[in-house]
Every structure is written in C-alpha cells, then in structure tokens.
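Pasting structure12.txt here (compact mmCIF, C-alpha atoms and all ligand atoms):
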# COMPACT_ATOMS: atom_id res chain seq x y z
CA MET A 1 -7.42 -17.25 -17.22
CA LYS A 2 -4.62 -16.22 -14.92
CA LEU A 3 -5.50 -13.64 -12.26
CA ILE A 4 -3.16 -11.01 -10.82
CA LEU A 5 -5.06 -9.33 -8.00
CA CYS A 6 -3.56 -6.01 -6.93
CA LYS A 7 -4.16 -3.76 -3.94
CA THR A 8 -3.73 -0.48 -5.76
CA TYR A 9 -3.97 1.03 -9.23
CA GLU A 10 -0.21 1.70 -9.16
CA GLU A 11 0.49 -1.95 -8.40
CA MET A 12 -1.79 -2.96 -11.27
CA SER A 13 -0.12 -0.58 -13.68
CA SER A 14 3.29 -1.85 -12.68
CA ALA A 15 2.26 -5.51 -13.10
CA ALA A 16 0.95 -4.70 -16.59
CA ALA A 17 4.15 -2.81 -17.51
CA ASP A 18 6.15 -5.84 -16.28
CA GLU A 19 4.35 -8.06 -18.82
CA ILE A 20 5.23 -5.69 -21.67
CA ALA A 21 8.82 -5.28 -20.45
CA GLU A 22 9.23 -9.06 -20.32
CA LEU A 23 7.94 -9.45 -23.88
CA LEU A 24 10.24 -6.67 -25.15
CA GLN A 25 13.17 -8.43 -23.62
CA VAL A 26 12.53 -11.77 -25.34
CA ASN A 27 11.21 -10.24 -28.57
CA PRO A 28 12.35 -6.67 -29.34
CA HIS A 29 10.47 -6.91 -32.69
CA CYS A 30 7.16 -7.72 -31.07
CA THR A 31 3.77 -6.30 -31.99
CA LEU A 32 1.78 -4.71 -29.20
CA GLY A 33 -1.99 -4.30 -29.34
CA LEU A 34 -2.83 -1.16 -27.37
CA ALA A 35 -5.91 0.20 -25.68
CA THR A 36 -7.17 3.60 -24.59
CA GLY A 37 -9.46 4.75 -21.78
CA SER A 38 -8.40 5.76 -18.28
CA THR A 39 -7.42 2.25 -17.18
CA PRO A 40 -4.11 1.82 -19.06
CA VAL A 41 -2.86 5.38 -18.38
CA GLY A 42 -0.86 4.26 -15.31
CA MET A 43 0.72 1.43 -17.31
CA TYR A 44 1.73 3.88 -20.06
CA ARG A 45 3.23 6.18 -17.39
CA GLN A 46 5.28 3.23 -16.11
CA LEU A 47 6.46 2.33 -19.61
CA VAL A 48 7.56 5.92 -20.27
CA ARG A 49 9.42 6.02 -16.93
CA ARG A 50 11.20 2.76 -17.70
CA TYR A 51 12.06 3.97 -21.22
CA GLU A 52 13.51 7.21 -19.78
CA LYS A 53 15.65 5.16 -17.39
CA GLY A 54 17.02 3.28 -20.40
CA GLU A 55 15.35 0.00 -19.41
CA LEU A 56 13.11 -0.32 -22.48
CA ASP A 57 13.65 0.08 -26.21
CA PHE A 58 10.67 0.42 -28.56
CA SER A 59 12.68 1.07 -31.74
CA GLU A 60 11.72 -2.24 -33.37
CA VAL A 61 8.21 -2.50 -31.95
CA THR A 62 5.04 -2.33 -34.04
CA THR A 63 1.76 -1.21 -32.46
CA PHE A 64 -1.87 -1.65 -33.42
CA ASN A 65 -4.55 0.18 -31.50
CA LEU A 66 -7.84 -1.47 -30.80
CA ASP A 67 -10.24 1.22 -31.87
CA GLU A 68 -11.04 4.83 -32.69
CA TYR A 69 -14.17 6.96 -32.61
CA TYR A 70 -15.84 7.68 -35.96
CA PRO A 71 -15.90 10.27 -37.27
CA ILE A 72 -13.19 12.14 -35.41
CA SER A 73 -10.17 14.20 -36.40
CA PRO A 74 -6.78 13.02 -35.11
CA LYS A 75 -6.34 16.62 -33.88
CA ASN A 76 -9.37 16.32 -31.59
CA ASP A 77 -7.99 15.89 -28.08
CA GLN A 78 -10.56 13.15 -27.44
CA SER A 79 -9.45 11.06 -30.40
CA TYR A 80 -7.58 7.89 -29.55
CA TYR A 81 -4.87 9.05 -31.98
CA TYR A 82 -4.32 12.10 -29.75
CA PHE A 83 -4.57 10.03 -26.55
CA MET A 84 -1.93 7.55 -27.65
CA HIS A 85 0.55 10.24 -28.69
CA GLU A 86 -0.03 12.22 -25.52
CA ASN A 87 0.21 9.24 -23.16
CA LEU A 88 2.82 7.08 -24.86
CA PHE A 89 4.08 7.55 -28.41
CA ASP A 90 5.46 11.10 -27.98
CA HIS A 91 7.58 9.93 -25.05
CA ILE A 92 9.19 6.73 -26.35
CA ASN A 93 11.28 5.75 -29.39
CA VAL A 94 8.60 3.89 -31.34
CA ALA A 95 9.00 4.56 -35.09
CA PRO A 96 6.03 6.60 -36.38
CA GLU A 97 5.72 4.27 -39.39
CA ASN A 98 5.23 1.32 -37.00
CA ILE A 99 2.22 2.90 -35.29
CA ASN A 100 -1.22 1.77 -36.47
CA ILE A 101 -4.50 3.29 -35.32
CA PRO A 102 -7.81 3.01 -37.21
CA ASN A 103 -8.29 6.27 -39.12
CA GLY A 104 -11.29 8.03 -37.61
CA SER A 105 -11.40 10.53 -40.46
CA ALA A 106 -11.21 8.04 -43.34
CA PRO A 107 -13.75 9.04 -46.03
CA ASP A 108 -14.80 5.40 -46.50
CA PRO A 109 -14.99 3.68 -43.09
CA LEU A 110 -15.69 0.23 -44.54
CA ALA A 111 -12.58 0.43 -46.73
CA GLU A 112 -10.59 1.62 -43.69
CA CYS A 113 -11.80 -1.41 -41.66
CA ARG A 114 -10.80 -3.80 -44.45
CA TYR A 115 -7.40 -2.08 -44.77
CA TYR A 116 -6.81 -2.32 -41.01
CA GLU A 117 -7.79 -5.98 -40.76
CA ASP A 118 -5.62 -6.80 -43.82
CA LYS A 119 -2.66 -5.03 -42.24
CA LEU A 120 -3.14 -6.98 -39.01
CA THR A 121 -3.44 -10.22 -40.97
CA ALA A 122 -0.23 -9.49 -42.93
CA ASN A 123 1.49 -8.73 -39.64
CA GLY A 124 0.35 -12.04 -38.11
CA PHE A 125 -1.88 -10.14 -35.64
CA VAL A 126 -0.39 -9.08 -32.28
CA ASP A 127 1.85 -10.75 -29.71
CA LEU A 128 0.28 -9.06 -26.71
CA GLN A 129 -3.06 -7.28 -26.68
CA VAL A 130 -3.81 -4.88 -23.82
CA LEU A 131 -7.52 -4.53 -23.11
CA GLY A 132 -9.60 -2.42 -20.80
CA ILE A 133 -13.24 -3.31 -20.24
CA GLY A 134 -16.39 -1.22 -20.51
CA GLN A 135 -18.85 -1.17 -17.62
CA ASN A 136 -21.20 -3.12 -19.89
CA GLY A 137 -18.50 -5.68 -20.66
CA HIS A 138 -17.42 -4.28 -24.02
CA ILE A 139 -13.87 -4.85 -25.25
CA GLY A 140 -12.47 -2.43 -27.81
CA PHE A 141 -15.82 -1.10 -29.01
CA ASN A 142 -17.41 -4.55 -29.35
CA GLU A 143 -20.66 -3.63 -27.67
CA PRO A 144 -23.23 -6.02 -26.17
CA ASP A 145 -25.50 -7.22 -28.99
CA GLY A 146 -27.37 -10.25 -30.30
CA CYS A 147 -24.31 -11.12 -32.31
CA LEU A 148 -20.66 -10.12 -32.26
CA TYR A 149 -18.44 -9.30 -35.22
CA ALA A 150 -15.31 -11.19 -36.11
CA SER A 151 -13.14 -8.62 -37.84
CA THR A 152 -12.47 -4.89 -37.79
CA HIS A 153 -15.76 -3.09 -38.35
CA ILE A 154 -17.72 0.09 -37.80
CA THR A 155 -20.11 -0.02 -34.88
CA GLU A 156 -22.73 2.10 -33.12
CA LEU A 157 -21.92 2.94 -29.52
CA THR A 158 -24.51 1.98 -26.91
CA GLU A 159 -26.13 4.60 -24.68
CA SER A 160 -24.23 3.15 -21.71
CA THR A 161 -20.86 3.69 -23.44
CA ILE A 162 -21.80 7.18 -24.66
CA THR A 163 -22.74 8.12 -21.09
CA ALA A 164 -19.63 6.50 -19.57
CA ASN A 165 -17.28 8.15 -22.09
CA SER A 166 -19.00 11.56 -21.95
CA ARG A 167 -16.86 12.37 -18.90
CA PHE A 168 -13.99 13.07 -21.30
CA PHE A 169 -16.02 15.34 -23.61
CA GLU A 170 -17.57 18.75 -22.99
CA SER A 171 -21.05 17.26 -23.21
CA GLU A 172 -22.70 13.94 -24.00
CA ASP A 173 -23.73 15.41 -27.39
CA ASP A 174 -20.07 15.72 -28.36
CA VAL A 175 -19.39 11.96 -28.03
CA PRO A 176 -19.20 10.44 -31.53
CA ARG A 177 -21.98 7.86 -32.00
CA LYS A 178 -19.86 5.39 -33.95
CA ALA A 179 -16.43 3.80 -33.78
CA LEU A 180 -14.05 1.64 -35.79
CA THR A 181 -12.93 -1.35 -33.77
CA MET A 182 -11.02 -4.60 -34.06
CA GLY A 183 -13.56 -7.43 -34.00
CA ILE A 184 -13.81 -10.23 -31.48
CA GLY A 185 -12.04 -12.59 -33.90
CA THR A 186 -9.24 -10.05 -34.39
CA ILE A 187 -8.75 -9.79 -30.63
CA LEU A 188 -8.85 -13.57 -30.13
CA LYS A 189 -6.03 -13.98 -32.67
CA SER A 190 -3.65 -12.18 -30.26
CA LYS A 191 -1.06 -14.57 -28.86
CA LYS A 192 -1.57 -13.23 -25.36
CA ILE A 193 -4.16 -10.91 -23.83
CA LEU A 194 -3.78 -8.63 -20.84
CA LEU A 195 -7.11 -7.42 -19.49
CA LEU A 196 -6.94 -4.53 -17.02
CA ALA A 197 -9.75 -3.40 -14.75
CA ASN A 198 -9.95 -1.16 -11.72
CA GLY A 199 -12.71 0.36 -9.62
CA LYS A 200 -16.14 -0.73 -8.40
CA ALA A 201 -17.83 0.30 -11.67
CA LYS A 202 -16.11 -2.65 -13.38
CA HIS A 203 -17.15 -5.23 -10.77
CA ASP A 204 -20.22 -6.59 -12.62
CA ALA A 205 -18.23 -7.00 -15.85
CA ILE A 206 -15.37 -8.69 -14.00
CA SER A 207 -17.75 -11.03 -12.13
CA ALA A 208 -19.20 -12.14 -15.47
CA LEU A 209 -15.68 -12.80 -16.68
CA LEU A 210 -15.00 -15.04 -13.72
CA ASP A 211 -18.11 -17.22 -13.85
CA ASP A 212 -18.77 -19.84 -16.55
CA ARG A 213 -21.04 -17.90 -18.91
CA ILE A 214 -20.14 -16.88 -22.42
CA THR A 215 -22.66 -14.40 -23.77
CA THR A 216 -22.78 -11.77 -26.50
CA ALA A 217 -24.57 -9.60 -23.92
CA ILE A 218 -21.21 -9.25 -22.14
CA PRO A 219 -18.64 -9.40 -24.96
CA ALA A 220 -15.60 -9.82 -22.68
CA THR A 221 -16.91 -13.26 -21.61
CA ILE A 222 -15.72 -14.63 -24.95
CA LEU A 223 -12.15 -14.23 -23.65
CA LYS A 224 -12.80 -17.46 -21.72
CA THR A 225 -12.19 -19.28 -25.00
CA HIS A 226 -8.66 -17.84 -25.32
CA PRO A 227 -5.84 -19.98 -23.87
CA ASN A 228 -3.56 -17.15 -22.73
CA VAL A 229 -5.37 -14.36 -20.89
CA ILE A 230 -4.08 -12.54 -17.83
CA LEU A 231 -6.59 -10.52 -15.84
CA ILE A 232 -4.92 -7.78 -13.82
CA CYS A 233 -7.39 -6.06 -11.54
CA ASP A 234 -7.66 -4.22 -8.25
CA GLU A 235 -9.69 -5.37 -5.25
CA GLU A 236 -12.58 -3.00 -5.99
CA ALA A 237 -13.10 -4.45 -9.44
CA TYR A 238 -12.71 -7.98 -8.10
CA TYR A 239 -14.72 -7.86 -4.88
CA GLY A 240 -17.05 -4.94 -5.66
C1 LIG B 1 -13.62 2.76 -24.14
C2 LIG B 1 -12.64 1.99 -25.02
C3 LIG B 1 -12.27 0.67 -24.44
C4 LIG B 1 -11.99 0.83 -22.96
C5 LIG B 1 -13.21 1.26 -22.24
C6 LIG B 1 -13.03 1.45 -20.75
O1 LIG B 1 -14.93 2.72 -24.56
N1 LIG B 1 -13.09 1.79 -26.34
O2 LIG B 1 -11.16 0.13 -25.14
O3 LIG B 1 -11.54 -0.38 -22.43
O4 LIG B 1 -13.68 2.47 -22.78
O5 LIG B 1 -12.55 2.73 -20.47
P1 LIG B 1 -11.97 3.17 -19.08
O6 LIG B 1 -10.66 2.51 -18.94
O7 LIG B 1 -11.85 4.67 -19.17
O8 LIG B 1 -12.95 2.73 -18.05
Mind converting the file's structure to structure tokens?
Ligand code: GLP
Amino acid sequence: MKLILCKTYEEMSSAAADEIAELLQVNPHCTLGLATGSTPVGMYRQLVRRYEKGELDFSEVTTFNLDEYYPISPKNDQSYYYFMHENLFDHINVAPENINIPNGSAPDPLAECRYYEDKLTANGFVDLQVLGIGQNGHIGFNEPDGCLYASTHITELTESTITANSRFFESEDDVPRKALTMGIGTILKSKKILLLANGKAKHDAISALLDDRITTAIPATILKTHPNVILICDEEAYYG
C-alpha cells in the first residue's frame, strides 16, 4: 500500500483529485468508482474547480457509486443519489446515462443488487475506486461481521454507523437501518483503489490498515490483499 501523508484536508483533497485527473488524461473513457460521506467532499470540490477551468473532461466517463441507503428516495437530501448530484454530477459534464448508483427505492432490493453487480461485471468493474472509511473500519457499507460478502448486497447498518451518520439526519431515528452496497469482492476487482481518511476519529481504523492483520472485524484490512492501493490521509488520521 502506498501512503500519501498530507498536512491538511485541502492537501489531501488535492492529492486525490490529482489521481483522478491523471487517470482521465491517460484514459478519458475510464470508469470511476465513487464514494460519499464527508471525506471526499473536498476532492469533489477540486474536481469541479478543475472542470470549470477547462482542465478536466468527464464526457466519456462512466461512474459507479459504492452504496446507497435502503430504503430511501433519491429526492431525500440524505440519499447518496442527492449527495452525488449536489457535490459533483450537477457541476460537471458527465452523461446522466453513464451514472450508476444503487437504487435505494427499488421495490426488490435483491434484484437491484444482482442488476448492479451484473452491470459492474459487464463493464469490467472500475478503473479507480475512491473509498472513505468508517470509524469501525467499514468500506462502502461492508460492516464488521463474522463474515464479509463478495458481491453487491443488502446489509444492516451497525449501531456505530447509525450513530456516526446520524449527524447528517434530523435524528438518529431517521437514519435508514439498511443499505445496498458493493461487496468486498466487487471492491477488490477495482484496478486501483484510493482510500481517503482524515481526522482523529479515523485513527484506529487507519492503524489497523497499517499493521499486518486482516480481519472481518475491520473490513478495510482486506485491502492489504489488493496490489494497487493508495492511502491518502492527514496527520490526525495517521498519528492520532
Ligand atoms: C458512510 C459511507 C462510506 C463512508 C463512511 C465514512 O457510512 N457508506 O462509504 O466512507 O460513511 O464517512 P465520512 O467520510 O463522513 O466519515
């Protein structure tokens, strides 16, 4: 795992945007795997700025998002559909038909998971997957458990994630209890992975990523088996 240690959140966001810009330059038809949460917001801001300056072109890009709450309407301002449009898609020239996000209002969630995984498979998965990390070490919504799941699936959120994510909702009761998420196998099929982490709250998860353990209790530790991961983090996440 390659480490890019940054002094500030801005520096981190810019380093992450550099990775995407580099990929777009060599492969304008690339597929980006995208993440939500507060961590990548600065990177999205950078990408929008660079697009506005005419430095980036997303017209041929395909995107697949990692996850979505279930059930949730795309109109709900806490849905990842809403988040992605607000923070990125509405401000760049990505073609709407090239945007893929698990459908949080699908009547049959299992069928939606199969459809999403099949679409990823047909696409050859993603060239670059951006990941944040939960305080408990989750990636996407692959929560700590006795076993992990390989492909896109529906999952129950842990109490720790519900509490952590409740800061975005009016109350903890409003946080959906389930989510649709790419599986660990789906994520590991990405050609390259960019894991972003900032702040002290992520220190324990990042420490586990940097020692030699691989455990389903901290799902991100499985990234140690992937040959092309870049960890971009700030000093608080790294040193605690
Ligand atoms: C959510 C998302 C993850 C994200 C994580 C961390 O639960 N499903 O993809 O990485 O939270 O969020 P934040 O960046 O806000 O700390």
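Using all atoms listed in the file, residues with at least one atom at most 6 Å away from any atom of ligand LIG 1 (chain B) are Ala35, Thr36, Gly37, Ser38, Thr39, Leu131, Gly132, Ile133, Gly134, Ile139, Gly140 and Phe141 of chain A.
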List the neighbours of region 112-125 of chain A out to 8 Å using only C-alpha atoms; skip same-chain residues closer than 2 positions along the sequence, and give me the result as a VMD selection string. chain A and resid 31 64 102 to 103 106 108 to 110 127 151 to 154 180 to 182 186 189 to 190
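Of the residues listed (A:Glu60, A:Asp211, A:Asp67, A:Asp234), A:Glu60 shows the shortest atom-to-atom separation from His29 (chain A); distances use all atoms listed in the file.
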By how many Å are CA of Ile222 (chain A) and CA of Glu10 (chain A) apart? 27.5 Å
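Atom pair CA of Asp18 (chain A) / CA of Met1 (chain A) has a distance of 17.8 Å (rounded to one decimal).
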Compile the contact shell of Arg49 (chain A) as a PDB file with C-alpha atoms, in the frame of the given file: residues with an atom at most 12 Å away, counting all atoms listed in the file, same-chain residues fewer than 5 positions apart removed.
ATOM      1  CA  SER A  14       3.290  -1.850 -12.680  1.00  0.00           C
ATOM      2  CA  ALA A  17       4.150  -2.810 -17.510  1.00  0.00           C
ATOM      3  CA  ALA A  21       8.820  -5.280 -20.450  1.00  0.00           C
ATOM      4  CA  GLY A  42      -0.860   4.260 -15.310  1.00  0.00           C
ATOM      5  CA  MET A  43       0.720   1.430 -17.310  1.00  0.00           C
ATOM      6  CA  TYR A  44       1.730   3.880 -20.060  1.00  0.00           C
ATOM      7  CA  GLY A  54      17.020   3.280 -20.400  1.00  0.00           C
ATOM      8  CA  GLU A  55      15.350   0.000 -19.410  1.00  0.00           C
ATOM      9  CA  LEU A  56      13.110  -0.320 -22.480  1.00  0.00           C
ATOM     10  CA  ASP A  57      13.650   0.080 -26.210  1.00  0.00           C
ATOM     11  CA  ASN A  87       0.210   9.240 -23.160  1.00  0.00           C
ATOM     12  CA  LEU A  88       2.820   7.080 -24.860  1.00  0.00           C
ATOM     13  CA  HIS A  91       7.580   9.930 -25.050  1.00  0.00           C
ATOM     14  CA  ILE A  92       9.190   6.730 -26.350  1.00  0.00           C
TER      15      ILE A  92
END
Considering only C-alpha atoms, can you say which of A:Ile20, A:Met84, A:Asn100, A:Ile162 comes closest to Arg50 (chain A)? A:Ile20
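If you look at CA of Tyr238 (chain A) and CA of Ser79 (chain A), they are 29.5 Å away from each other.
Those residues that approach region 94-98 of chain A to within 8 Å, counting only C-alpha atoms, are Phe58, Ser59, Glu60, Val61, Thr62 and Thr63 of chain A; same-chain residues fewer than 6 positions away are not listed.
Using only C-alpha atoms for every distance, the candidate list A:Gly199, A:Cys147, A:Leu47, A:Asp77 yields A:Asp77 as the residue closest to Glu170 (chain A).
Proximity ranking of A:Ile99, A:Ala197, A:Ile218, A:Val175 relative to Leu32 (chain A) places A:Ile99 first, based on all atoms listed in the file.
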May I have the residues within 7 Å of Leu3 (chain A) as a PyMOL selection string, using all atoms listed in the file and disregarding those fewer than 3 positions away in the same chain? chain A and resi 230-232
Written file, previous selection with C-alpha atoms, as an mmCIF file, in the coordinates of the input:
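Writing done, so here's selection-v3.cif:
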data_model
loop_
_atom_site.group_PDB
_atom_site.id
_atom_site.type_symbol
_atom_site.label_atom_id
_atom_site.label_comp_id
_atom_site.auth_asym_id
_atom_site.auth_seq_id
_atom_site.Cartn_x
_atom_site.Cartn_y
_atom_site.Cartn_z
ATOM 1 C CA ILE A 230 -4.080 -12.540 -17.830
ATOM 2 C CA LEU A 231 -6.590 -10.520 -15.840
ATOM 3 C CA ILE A 232 -4.920 -7.780 -13.820
#
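Nearest residue to Glu143 (chain A) among A:Ala217, A:Ala205, A:His85, A:Asp212 is A:Ala217, counting all atoms listed in the file.
Proximity ranking of A:Leu128, A:Leu5, A:Tyr82, A:Phe89 relative to Ile206 (chain A) places A:Leu5 first, based on all atoms listed in the file.
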Can you tell me which residues surround Lys200 (chain A) at a distance of at most 9 Å, considering all atoms listed in the file, apart from same-chain residues fewer than 6 positions away, and format the answer as an MDAnalysis selection string? chainID A and resid 235:240
Enumerate, as an MDAnalysis selection string, the protein, DNA and RNA residues whose atoms approach (-20.3, 14.4, -26.6) to within 12 Å, taking into account all atoms listed in the file and the coordinate frame of the file. chainID A and resid 69 72 78:79 157 159 161:178
